[in-house]
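Peer 1: The structure that follows is given in the form of structure tokens.
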Amino acid sequence: MKDTYLVLAYMAIWIGLSGYVVALAQRQRKLSAKIEVLHKRLRVKED
Amino acid sequence: MKSLRQIRFLCGKDLRIELRKKESLVSMAFFGVLILVMLNIANGVGKQIDAEAGAGILWVAILFSSVLGLGRVFAREKENGCVAALLISPVSSGEIFVAKALVNFSLMLLAELVLVPIFFVLFGARLSGDPLALLPILVLVNFGFSTTGTLVSAISAGTRRNEVLLPILLFPLLLPLMTLAVKATALALAAKPLADLRGQLEPMAAFCVVFAAAGYLLFPFVLRED
Amino acid sequence: MSEPSSFLRISGLRKSYGSREALRGINLDLQRGEFLCLFGPNGAGKSTLLKIVATLLRPSAGQVKVQDYDLEEHPEQYRAQLGMVSHQSFVYQDLSVLENLEFYATLYGVEQPREKALELLEEVKLADRYDMLAANLSRGMQQRLTIARALVNDPALLLLDEPYTGLDEHAASVLRDQLQTLHSRKRTIVMVTHNLRRGMESATRLGILVRGELVYLQQKADVDPTTFEHLYFRHLEAQ
Amino acid sequence: MTTFNRSALFPGLAAVLIPIAIGMVFFYSPLEKTMGSVQKIFYFHLPLALTAFLSFFVACISGIMYLRNRQRIWDARLAASVEIGVVLTTLVLITGSLWGKPIWNTFWTWDPRLTTSLILWFIFASCLILRSAIDEEGKRATFSAVMAIVGFVDVPIVFLSARLFRSIHPTVIRADSVGLETSMLVTLLVCMAAMLVFWVGLYKFRVSLFLQEAMINDLQTDGTKS
């Protein structure tokens with residue numbers, strides 16, 4: 001019985017933390033996409 | 001000396017508007033009484049409550065009604081850009097802070113003059129404490145609430161969601177003050193002597209001092225846009 | 001150009017938001033009694049400049065001095081000399097016309113606030129409405145009250161941010177008259193606008209602000225109006 | 001290449017340390033006599049709480065620094081630490097109540113530390129809400145700096161007021177009074193080190209993400225202007 005809570009707690013910790021990191025990574029990916037678009041627009045402008 | 005004069009003018013202006021329109025004060029008292037009545041019904045008609053529950057009910061009513069008035073005091077300055085006019089004038093931000101806090105303090109006190117008697121009418125049957133024993137607690141909470149509230153209302157008035165953000169930002173900061181106030185009020189309502197309340201009143205006073213200082217120092221930053 | 005006796009001195013003034021620069025090093029000296037009108041397209045930094053001089057915004061770098069009082073070192077003496085008219089009215093809706101003026105006059109420490117207020121109300125032709133609430137005034141009357149409000153401390157430096165936008169004919173002529181009176185009393189005035197006609201009619205000095213830089217600054221007497229107009233439109237198009 | 005290595009230092013170290021720490025919790029540290037296996041929550045509960053507190057401390061310092069020199073980097077640090085702090089405090093509260101349930105037979109008890117964590121969670125979560133409500137960068141930075149400072153100043157009073165609640169097991173969490181066995185202490189220290197390294201990595205990642213987003217934003221607004 002007590003082990004359930006232990007497992008639950010550790011799951012909560014690591015799911016929580018990795019969830020946060022994944023969310024941040026997602027944002028980072030979106031940012032990279034944005035940089036790409038800006039880069040291309042700049043190229044187009046220069047031509 | 002000059003500061004005192006300026007603060008007096010600023011307060012006088014706000015109180016004059018308030019007495020003319022009575023919008024904050026009436027809505028504060030009305031809403032507070034409404035909460036008291038609702039909690040009385042929620043408690044079960046005809047059932048008596050003890051000192052601890054009574055203290056909680058009283059403070060919920062005061063807190064929620066005060067936040068109504070607080071929002072108006074600053075929103076009014078923003079209406080025609082009057083804050084900007086004050087900032088251009090020789091008045092210092094510190095003086096504006098003190099004046100606003102004083103106005104809030106007096107509005108709360110006036111609202112409580114209505115709320116506390118009604119609280120005793122509705123819930124007082126089993127409370128043995130003297131209403132006057134609540135005075136030091138009321139003064140300390142009003143002080144803490146109005147200093148913290150003035151700072152936070154300047155922040156929330158600078159955003160697009162003033163009405164929603166004000167309680168969201170303010171109540172978490174006030175939680176410790178409220179905890180102490182409820183405890184102290186429970187003791188006072190149970191007719192304990194003032195000396196027994198020292199354990200609560202002292203940290204409350206500390207809260208007031210800390211937030212008066214923090215508010216005074218930080219207010220200039222939130223007042224001037226950047 | 002920079003005699004020691006200049007009344008308003010702005011040097012190296014910069015303002016940036018993040019990496020965007022709204023003002024890129026403004027230098028400006030005005031003598032007492034000059035009337036500067038700054039033109040510029042939207043987003044050129046005109047309002048930012050005026051707000052910094054009015055102490056509503058903090059500069060990122062640079063100095064502003066009025067009569068040797070520095071904006072940051074002597075804020076109260078500095079501000080005591082300012083008056084400002086912007087597109088916001090700066091009046092309290094729930095106070096009467098007279099109360100509004102009296103309140104601001106007392107804040108500025110005017111000796112006899114009520115007399116001063118009444119005197120100003122005469123000048124802007126609002127005296128017979130003295131006890132009306134500001135909220136009940138018509139738009140034009142409210143604008144005249146705004147003008148009177150900016151003059152309660154008899155400002156040595158008057159700042160005007162697009163004062164003519166939204167003014168009706170009457171208020172505009174009241175404003176022009178007031179500006180002329182102030183000008184004849186050697187008050188220094190800085191106005192920003194993109195209304196060429198209004199700007200040209202009373203200024204003594206003309207400037208153009210583009211992308212945070214003062215690209216043009218001349219005495220009006222040395223400027224041919226049509227050439228100036230052409231110049232201004234060229235800058236607008238370059239935008 | 002060297003910059004890549006340096007930025008990967010803390011995440012890499014965390015990737016090594018955290019599995020070791022978990023391994024030690026389950027296979028190295030002994031079972032506690034009275035609480036049994038549940039006590040093992042403690043090895044991460046405490047480091048989480050400490051790093052959460054560290055986040056809020058960093059937020060307060062960043063807030064002060066921002067108000068002093070108004071550089072974007074300090075706003076980035078503030079935003080990063082407030083956000084991480086709220087995430088960590090959420091986990092502290094979850095693990096705390098999962099620990100409390102089998103031991104005290106209740107998910108929630110008004111223990112001073114739990115109460116303090118909860119109030120802090122409210123304060124800094126409200127700061128996040130405030131940030132999401134403001135678009136202008138300077139205003140957002142100034143306002144949240146003020147809230148972070150005020151929130152942190154509130155901490156001692158929060159703790160003082162939380163002491164009023166009767167606590168079921170006031171000393172159960174205190175490491176020093178329980179007299180940890182050496183193996184327990186070693187495990188705890190390794191866990192602490194692992195969390196700290198993880199925190200630094202996370203913090204740096206969040207700050208750089210914030211700065212990059214802000215710079216892209218600048219480019220885009222400049223792009224639309226010209």
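Chain labels A, B, ... are given in the sequence in which chains occur in the structure tokens; within each chain residues are numbered consecutively from 1, and ligands are likewise numbered from 1 in the order shown.
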Within 6 Å of chain B, which residues of chain C are there when counting only C-alpha atoms? Please give them as a compact mmCIF listing (two decimals) with all heavy atoms, in the first residue's frame.

Peer 2:
```txt
# COMPACT_ATOMS: atom_id res chain seq x y z
N LEU C 57 8.68 59.28 -18.92
CA LEU C 57 9.49 58.13 -19.31
C LEU C 57 10.92 58.39 -18.85
O LEU C 57 11.36 59.53 -18.80
CB LEU C 57 9.50 57.95 -20.83
CG LEU C 57 8.31 57.29 -21.49
CD1 LEU C 57 8.52 57.25 -22.99
CD2 LEU C 57 8.11 55.90 -20.95
N GLU C 76 11.97 67.66 -8.49
CA GLU C 76 10.83 68.49 -8.10
C GLU C 76 10.94 69.91 -8.64
O GLU C 76 9.97 70.45 -9.18
CB GLU C 76 10.67 68.48 -6.58
CG GLU C 76 9.85 67.27 -6.15
CD GLU C 76 9.94 66.98 -4.67
OE1 GLU C 76 9.87 67.93 -3.88
OE2 GLU C 76 10.07 65.80 -4.31
N ARG C 79 10.25 69.69 -12.36
CA ARG C 79 8.86 69.52 -12.76
C ARG C 79 8.00 70.74 -12.45
O ARG C 79 6.98 70.96 -13.10
CB ARG C 79 8.27 68.28 -12.09
CG ARG C 79 8.84 66.99 -12.62
CD ARG C 79 7.90 65.84 -12.34
NE ARG C 79 7.78 65.58 -10.92
CZ ARG C 79 8.41 64.60 -10.30
NH1 ARG C 79 9.20 63.79 -10.97
NH2 ARG C 79 8.25 64.41 -9.01
N ALA C 80 8.41 71.51 -11.44
CA ALA C 80 7.60 72.66 -11.07
C ALA C 80 7.46 73.65 -12.23
O ALA C 80 6.54 74.45 -12.26
CB ALA C 80 8.23 73.36 -9.86
N GLN C 88 -4.73 63.27 -23.82
CA GLN C 88 -5.56 62.96 -22.68
C GLN C 88 -5.88 64.26 -21.95
O GLN C 88 -5.08 65.18 -21.95
CB GLN C 88 -4.84 62.00 -21.74
CG GLN C 88 -4.82 60.58 -22.26
CD GLN C 88 -4.07 59.67 -21.34
OE1 GLN C 88 -2.93 59.95 -20.97
NE2 GLN C 88 -4.69 58.58 -20.94
N SER C 89 -7.07 64.30 -21.28
CA SER C 89 -7.48 65.61 -20.77
C SER C 89 -6.88 65.96 -19.41
O SER C 89 -6.82 67.11 -19.04
CB SER C 89 -9.00 65.67 -20.70
OG SER C 89 -9.45 64.89 -19.63
N PHE C 90 -6.44 64.94 -18.64
CA PHE C 90 -5.84 65.19 -17.32
C PHE C 90 -6.80 65.84 -16.34
O PHE C 90 -6.36 66.47 -15.37
CB PHE C 90 -4.61 66.10 -17.41
CG PHE C 90 -3.43 65.48 -18.10
CD1 PHE C 90 -2.33 66.24 -18.46
CD2 PHE C 90 -3.38 64.12 -18.39
CE1 PHE C 90 -1.23 65.69 -19.10
CE2 PHE C 90 -2.30 63.56 -19.03
CZ PHE C 90 -1.22 64.34 -19.39
```

Peer 1: Do a neighbour search on stretch 108-123 of chain B at 9 Å with only C-alpha atoms, toss out local chain neighbours closer than 5 positions, and write the hits as a list of chain:residue names.

Peer 2: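 With the cut-off at 9 Å, the set is B:Leu25, B:Val26, B:Met28, B:Ala29, B:Phe30, B:Gly32, B:Val33, B:Leu36, B:Val37, B:Asn40, B:Gln48, B:Ile49, B:Asp50, B:Gly54, B:Ile57, B:Leu58, B:Ala61, B:Ile62, B:Ser65, B:Ser66, B:Gly69, B:Leu70, B:Val103, B:Pro131, B:Leu138, B:Val139, B:Asn142, B:Ser146.
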
Peer 1: Considering only C-alpha atoms, give me a table of residues in chain B that are at most 8 Å from chain D, with the closest atom pair and distance in Å for each, as a tab-separated table.

Peer 2:
```
residue	atom	partner	partner_atom	distance
B:Ile155	CA	D:Phe143	CA	6.2
B:Thr159	CA	D:Ile134	CA	6.1
B:Arg160	CA	D:Ala133	CA	7.3
B:Arg161	CA	D:Ala133	CA	7.2
B:Leu165	CA	D:Leu130	CA	7.2
B:Ile168	CA	D:Ser126	CA	6.2
B:Leu169	CA	D:Ser126	CA	5.5
B:Pro172	CA	D:Ile123	CA	5.2
B:Leu173	CA	D:Ile123	CA	6.3
B:Leu175	CA	D:Ile119	CA	7.2
B:Pro176	CA	D:Val158	CA	5.0
B:Leu177	CA	D:Ser161	CA	7.6
B:Thr179	CA	D:Ser161	CA	6.5
B:Leu180	CA	D:Ser161	CA	6.0
B:Pro203	CA	D:Ile157	CA	7.0
B:Ala206	CA	D:Ile157	CA	7.8
B:Phe207	CA	D:Ile157	CA	6.5
B:Val210	CA	D:Val153	CA	7.8
B:Phe211	CA	D:Val150	CA	7.9
B:Ala214	CA	D:Val150	CA	6.9
B:Leu218	CA	D:Val146	CA	6.6
B:Phe221	CA	D:Thr142	CA	6.9
B:Val222	CA	D:Phe143	CA	6.2
B:Glu225	CA	D:Lys139	CA	6.4
B:Asp226	CA	D:Gly138	CA	5.5
```

Peer 1: Grab the residues selected above and save them as a tab-separated table (two decimals), in the first residue's frame with N, CA and C atoms.

Peer 2:
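Wrote it out as again-v1.tsv, contents follow:
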```tsv
chain	number	residue	atom	x	y	z
B	155	ILE	N	-0.33	48.32	-9.94
B	155	ILE	CA	0.10	47.34	-10.94
B	155	ILE	C	-1.07	46.90	-11.80
B	159	THR	N	-2.61	47.31	-16.27
B	159	THR	CA	-2.84	46.25	-17.24
B	159	THR	C	-4.24	46.40	-17.84
B	160	ARG	N	-4.53	45.52	-18.80
B	160	ARG	CA	-5.84	45.62	-19.43
B	160	ARG	C	-6.92	44.89	-18.63
B	161	ARG	N	-6.51	44.09	-17.64
B	161	ARG	CA	-7.49	43.30	-16.92
B	161	ARG	C	-7.52	43.66	-15.44
B	165	LEU	N	-7.34	41.00	-12.23
B	165	LEU	CA	-5.99	40.80	-11.70
B	165	LEU	C	-5.84	41.27	-10.26
B	168	ILE	N	-6.45	38.60	-7.73
B	168	ILE	CA	-5.52	37.49	-7.98
B	168	ILE	C	-4.13	37.82	-7.46
B	169	LEU	N	-3.71	39.05	-7.64
B	169	LEU	CA	-2.38	39.44	-7.18
B	169	LEU	C	-2.35	39.75	-5.70
B	172	PRO	N	-3.07	36.46	-2.48
B	172	PRO	CA	-1.97	35.61	-2.02
B	172	PRO	C	-1.01	36.35	-1.09
B	173	LEU	N	-0.73	37.63	-1.40
B	173	LEU	CA	0.17	38.39	-0.54
B	173	LEU	C	-0.43	38.60	0.84
B	175	LEU	N	-2.54	36.61	2.39
B	175	LEU	CA	-2.88	35.39	3.12
B	175	LEU	C	-2.30	35.32	4.54
B	176	PRO	N	-1.00	35.61	4.72
B	176	PRO	CA	-0.49	35.54	6.10
B	176	PRO	C	-1.18	36.53	7.04
B	177	LEU	N	-1.43	37.74	6.55
B	177	LEU	CA	-2.11	38.73	7.39
B	177	LEU	C	-3.50	38.23	7.78
B	179	THR	N	-4.56	35.09	7.90
B	179	THR	CA	-4.44	33.97	8.83
B	179	THR	C	-4.35	34.48	10.26
B	180	LEU	N	-3.45	35.45	10.43
B	180	LEU	CA	-3.23	36.00	11.77
B	180	LEU	C	-4.48	36.73	12.27
B	203	PRO	N	3.15	39.81	14.90
B	203	PRO	CA	3.46	39.53	13.50
B	203	PRO	C	2.63	40.36	12.52
B	206	ALA	N	4.30	43.52	12.18
B	206	ALA	CA	5.50	43.34	11.36
B	206	ALA	C	5.13	43.35	9.89
B	207	PHE	N	4.05	42.64	9.56
B	207	PHE	CA	3.57	42.63	8.17
B	207	PHE	C	3.32	44.06	7.69
B	210	VAL	N	6.61	45.95	7.15
B	210	VAL	CA	7.34	45.47	5.98
B	210	VAL	C	6.68	45.94	4.69
B	211	PHE	N	5.35	45.82	4.63
B	211	PHE	CA	4.70	46.17	3.38
B	211	PHE	C	4.57	47.68	3.19
B	214	ALA	N	8.04	48.36	1.80
B	214	ALA	CA	8.19	47.82	0.43
B	214	ALA	C	7.34	48.63	-0.54
B	218	LEU	N	8.77	50.71	-3.67
B	218	LEU	CA	8.54	50.14	-5.00
B	218	LEU	C	7.51	50.92	-5.81
B	221	PHE	N	8.28	52.81	-9.07
B	221	PHE	CA	8.57	52.01	-10.25
B	221	PHE	C	7.30	51.62	-11.00
B	222	VAL	N	6.25	51.31	-10.26
B	222	VAL	CA	5.04	50.86	-10.95
B	222	VAL	C	4.24	52.05	-11.48
B	225	GLU	N	5.43	54.65	-16.29
B	225	GLU	CA	5.56	53.62	-17.32
B	225	GLU	C	6.97	53.66	-17.87
B	226	ASP	N	7.32	52.60	-18.61
B	226	ASP	CA	8.72	52.53	-18.98
B	226	ASP	C	8.90	52.32	-20.47
```

Peer 1: Show which residues sit within 7 Å of stretch 216-224 of chain C, as a count of residues only. Count only C-alpha atoms, and ignore same-chain residues fewer than 3 positions away.

Peer 2: 7

Peer 1: Output the contact residues of chain D with respect to chain C at a cut-off of 12 Å, based on only C-alpha atoms, as a PDB file with N, CA, C and O atoms, in the first residue's frame.

Peer 2:
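Wrote result_28.pdb, looks like this:
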```pdb
ATOM      1  N   LEU D  67      15.190  46.425 -11.586  1.00  0.00           N
ATOM      2  CA  LEU D  67      14.749  47.781 -11.261  1.00  0.00           C
ATOM      3  C   LEU D  67      15.934  48.739 -11.188  1.00  0.00           C
ATOM      4  O   LEU D  67      15.797  49.934 -11.425  1.00  0.00           O
ATOM      5  N   ASN D  69      18.971  48.424 -13.030  1.00  0.00           N
ATOM      6  CA  ASN D  69      19.612  48.785 -14.301  1.00  0.00           C
ATOM      7  C   ASN D  69      18.796  48.482 -15.546  1.00  0.00           C
ATOM      8  O   ASN D  69      19.255  48.758 -16.655  1.00  0.00           O
ATOM      9  N   ARG D  70      17.611  47.937 -15.385  1.00  0.00           N
ATOM     10  CA  ARG D  70      16.679  47.778 -16.507  1.00  0.00           C
ATOM     11  C   ARG D  70      17.304  47.133 -17.720  1.00  0.00           C
ATOM     12  O   ARG D  70      17.169  47.609 -18.837  1.00  0.00           O
ATOM     13  N   GLN D  71      17.985  46.024 -17.493  1.00  0.00           N
ATOM     14  CA  GLN D  71      18.498  45.281 -18.632  1.00  0.00           C
ATOM     15  C   GLN D  71      17.651  44.040 -18.832  1.00  0.00           C
ATOM     16  O   GLN D  71      17.213  43.419 -17.873  1.00  0.00           O
ATOM     17  N   ARG D  72      17.470  43.717 -20.094  1.00  0.00           N
ATOM     18  CA  ARG D  72      16.594  42.610 -20.435  1.00  0.00           C
ATOM     19  C   ARG D  72      17.041  41.301 -19.782  1.00  0.00           C
ATOM     20  O   ARG D  72      16.214  40.485 -19.387  1.00  0.00           O
ATOM     21  N   ILE D  73      18.353  41.125 -19.649  1.00  0.00           N
ATOM     22  CA  ILE D  73      18.858  39.865 -19.104  1.00  0.00           C
ATOM     23  C   ILE D  73      18.267  39.572 -17.730  1.00  0.00           C
ATOM     24  O   ILE D  73      17.947  38.441 -17.394  1.00  0.00           O
ATOM     25  N   ASP D  75      15.364  40.598 -16.601  1.00  0.00           N
ATOM     26  CA  ASP D  75      13.971  40.189 -16.767  1.00  0.00           C
ATOM     27  C   ASP D  75      13.913  38.726 -17.185  1.00  0.00           C
ATOM     28  O   ASP D  75      13.063  37.962 -16.716  1.00  0.00           O
ATOM     29  N   ALA D  76      14.854  38.327 -18.068  1.00  0.00           N
ATOM     30  CA  ALA D  76      14.895  36.925 -18.495  1.00  0.00           C
ATOM     31  C   ALA D  76      15.141  36.015 -17.303  1.00  0.00           C
ATOM     32  O   ALA D  76      14.474  34.994 -17.120  1.00  0.00           O
ATOM     33  N   GLU D 136       3.392  44.899 -23.246  1.00  0.00           N
ATOM     34  CA  GLU D 136       4.559  45.774 -23.362  1.00  0.00           C
ATOM     35  C   GLU D 136       5.693  45.213 -22.528  1.00  0.00           C
ATOM     36  O   GLU D 136       5.528  44.944 -21.338  1.00  0.00           O
ATOM     37  N   GLU D 137       6.845  45.093 -23.169  1.00  0.00           N
ATOM     38  CA  GLU D 137       7.943  44.406 -22.500  1.00  0.00           C
ATOM     39  C   GLU D 137       8.412  45.114 -21.229  1.00  0.00           C
ATOM     40  O   GLU D 137       8.552  44.489 -20.177  1.00  0.00           O
ATOM     41  N   GLY D 138       8.614  46.424 -21.318  1.00  0.00           N
ATOM     42  CA  GLY D 138       9.144  47.146 -20.172  1.00  0.00           C
ATOM     43  C   GLY D 138       8.206  47.083 -18.983  1.00  0.00           C
ATOM     44  O   GLY D 138       8.619  46.866 -17.843  1.00  0.00           O
ATOM     45  N   LYS D 139       6.935  47.273 -19.262  1.00  0.00           N
ATOM     46  CA  LYS D 139       5.937  47.252 -18.199  1.00  0.00           C
ATOM     47  C   LYS D 139       5.868  45.878 -17.548  1.00  0.00           C
ATOM     48  O   LYS D 139       5.851  45.750 -16.333  1.00  0.00           O
ATOM     49  N   ALA D 141       8.154  43.641 -17.391  1.00  0.00           N
ATOM     50  CA  ALA D 141       9.347  43.398 -16.595  1.00  0.00           C
ATOM     51  C   ALA D 141       9.282  44.147 -15.266  1.00  0.00           C
ATOM     52  O   ALA D 141       9.540  43.575 -14.212  1.00  0.00           O
ATOM     53  N   LEU D 211      15.524  34.878 -23.958  1.00  0.00           N
ATOM     54  CA  LEU D 211      16.249  35.920 -24.681  1.00  0.00           C
ATOM     55  C   LEU D 211      16.093  35.752 -26.188  1.00  0.00           C
ATOM     56  O   LEU D 211      15.900  36.728 -26.918  1.00  0.00           O
ATOM     57  N   GLU D 213      13.619  34.343 -27.768  1.00  0.00           N
ATOM     58  CA  GLU D 213      12.253  34.732 -28.154  1.00  0.00           C
ATOM     59  C   GLU D 213      12.117  36.243 -28.225  1.00  0.00           C
ATOM     60  O   GLU D 213      11.520  36.784 -29.154  1.00  0.00           O
ATOM     61  N   ALA D 214      12.718  36.919 -27.247  1.00  0.00           N
ATOM     62  CA  ALA D 214      12.629  38.379 -27.231  1.00  0.00           C
ATOM     63  C   ALA D 214      13.336  38.981 -28.445  1.00  0.00           C
ATOM     64  O   ALA D 214      12.836  39.918 -29.063  1.00  0.00           O
ATOM     65  N   MET D 215      14.468  38.415 -28.794  1.00  0.00           N
ATOM     66  CA  MET D 215      15.214  38.981 -29.923  1.00  0.00           C
ATOM     67  C   MET D 215      14.475  38.748 -31.244  1.00  0.00           C
ATOM     68  O   MET D 215      14.416  39.632 -32.094  1.00  0.00           O
ATOM     69  N   ILE D 216      13.915  37.558 -31.387  1.00  0.00           N
ATOM     70  CA  ILE D 216      13.117  37.279 -32.592  1.00  0.00           C
ATOM     71  C   ILE D 216      11.956  38.260 -32.671  1.00  0.00           C
ATOM     72  O   ILE D 216      11.620  38.803 -33.731  1.00  0.00           O
ATOM     73  N   ASN D 217      11.352  38.490 -31.513  1.00  0.00           N
ATOM     74  CA  ASN D 217      10.242  39.429 -31.445  1.00  0.00           C
ATOM     75  C   ASN D 217      10.655  40.814 -31.937  1.00  0.00           C
ATOM     76  O   ASN D 217       9.953  41.446 -32.710  1.00  0.00           O
ATOM     77  N   ASP D 218      11.844  41.266 -31.487  1.00  0.00           N
ATOM     78  CA  ASP D 218      12.380  42.556 -31.930  1.00  0.00           C
ATOM     79  C   ASP D 218      12.486  42.589 -33.440  1.00  0.00           C
ATOM     80  O   ASP D 218      12.062  43.537 -34.092  1.00  0.00           O
ATOM     81  N   LEU D 219      13.081  41.521 -33.998  1.00  0.00           N
ATOM     82  CA  LEU D 219      13.293  41.469 -35.439  1.00  0.00           C
ATOM     83  C   LEU D 219      11.965  41.570 -36.167  1.00  0.00           C
ATOM     84  O   LEU D 219      11.827  42.296 -37.144  1.00  0.00           O
ATOM     85  N   GLN D 220      10.968  40.841 -35.648  1.00  0.00           N
ATOM     86  CA  GLN D 220       9.688  40.840 -36.335  1.00  0.00           C
ATOM     87  C   GLN D 220       9.012  42.199 -36.275  1.00  0.00           C
ATOM     88  O   GLN D 220       8.466  42.659 -37.275  1.00  0.00           O
ATOM     89  N   THR D 221       9.058  42.866 -35.104  1.00  0.00           N
ATOM     90  CA  THR D 221       8.418  44.181 -35.036  1.00  0.00           C
ATOM     91  C   THR D 221       9.167  45.184 -35.899  1.00  0.00           C
ATOM     92  O   THR D 221       8.566  46.029 -36.532  1.00  0.00           O
ATOM     93  N   ASP D 222      10.497  45.084 -35.934  1.00  0.00           N
ATOM     94  CA  ASP D 222      11.270  45.958 -36.815  1.00  0.00           C
ATOM     95  C   ASP D 222      10.900  45.695 -38.258  1.00  0.00           C
ATOM     96  O   ASP D 222      10.782  46.606 -39.058  1.00  0.00           O
ATOM     97  N   GLY D 223      10.719  44.418 -38.585  1.00  0.00           N
ATOM     98  CA  GLY D 223      10.381  44.036 -39.950  1.00  0.00           C
ATOM     99  C   GLY D 223       9.084  44.666 -40.420  1.00  0.00           C
ATOM    100  O   GLY D 223       8.994  45.175 -41.527  1.00  0.00           O
ATOM    101  N   LYS D 225       7.770  47.341 -39.225  1.00  0.00           N
ATOM    102  CA  LYS D 225       7.882  48.804 -39.212  1.00  0.00           C
ATOM    103  C   LYS D 225       8.434  49.335 -40.525  1.00  0.00           C
ATOM    104  O   LYS D 225       7.933  50.276 -41.095  1.00  0.00           O
ATOM    105  N   SER D 226       9.526  48.712 -40.978  1.00  0.00           N
ATOM    106  CA  SER D 226      10.192  49.284 -42.153  1.00  0.00           C
ATOM    107  C   SER D 226       9.659  48.694 -43.446  1.00  0.00           C
ATOM    108  O   SER D 226       8.750  47.930 -43.467  1.00  0.00           O
TER     109      SER D 226
END
```

Peer 1: Given a cut-off of 10 Å, which residues of chain D touch chain A, counting only C-alpha atoms, written out as a ChimeraX atom specification?

Peer 2: /D:22,35-42,44-45,48,84,87-88,90-92,94-103,198,202,205-206,208-210,212-213,216-217,219-220,223

Peer 1: Report, in Å with one decimal, the straight-line distance from atom CA of B:Asn104 to atom CA of C:Leu145.

Peer 2: 28.8 Å

Peer 1: Got a sec: who's within 9 Å of D:Lys204, counting only C-alpha atoms, leaving out chain neighbours fewer than 6 positions off, as a list in words?

Peer 2: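 Returned residues: Ser7, Phe10, Arg77 and Ala80 of chain D.
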
Peer 1: Neighbours of B:Leu63 within 9 Å (only C-alpha atoms; same-chain residues fewer than 6 positions away dropped), as an MDAnalysis selection string?

Peer 2: chainID B and resid 32 145 171 178

Peer 1: Can you tell me which residues surround C:Leu71 at a distance of at most 10 Å, considering only C-alpha atoms, apart from same-chain residues fewer than 6 positions away, and format the answer as a PyMOL selection string?

Peer 2: chain C and resi 52-55+58-59+63-65+77-79

Peer 1: Can you pull out every residue within 9 Å of C:Glu99, counting only C-alpha atoms, but drop anything in the same chain fewer than 4 positions away, and send it as a PyMOL selection string?

Peer 2: (chain B and resi 13) or (chain C and resi 95+103-104+114+117+130-131+133)

Peer 1: As an exercise, work out the distance from atom CA of B:Leu34 to atom CA of B:Gly56 in Å and give it to one decimal place.

Peer 2: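 Answer for the atom CA of B:Leu34 to atom CA of B:Gly56 separation: 15.5 Å.
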
Peer 1: Mind giving me the straight-line distance from atom CA of B:Glu52 to atom CA of B:Ala186 in Å, one decimal?

Peer 2: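 The value is 4.7 Å.
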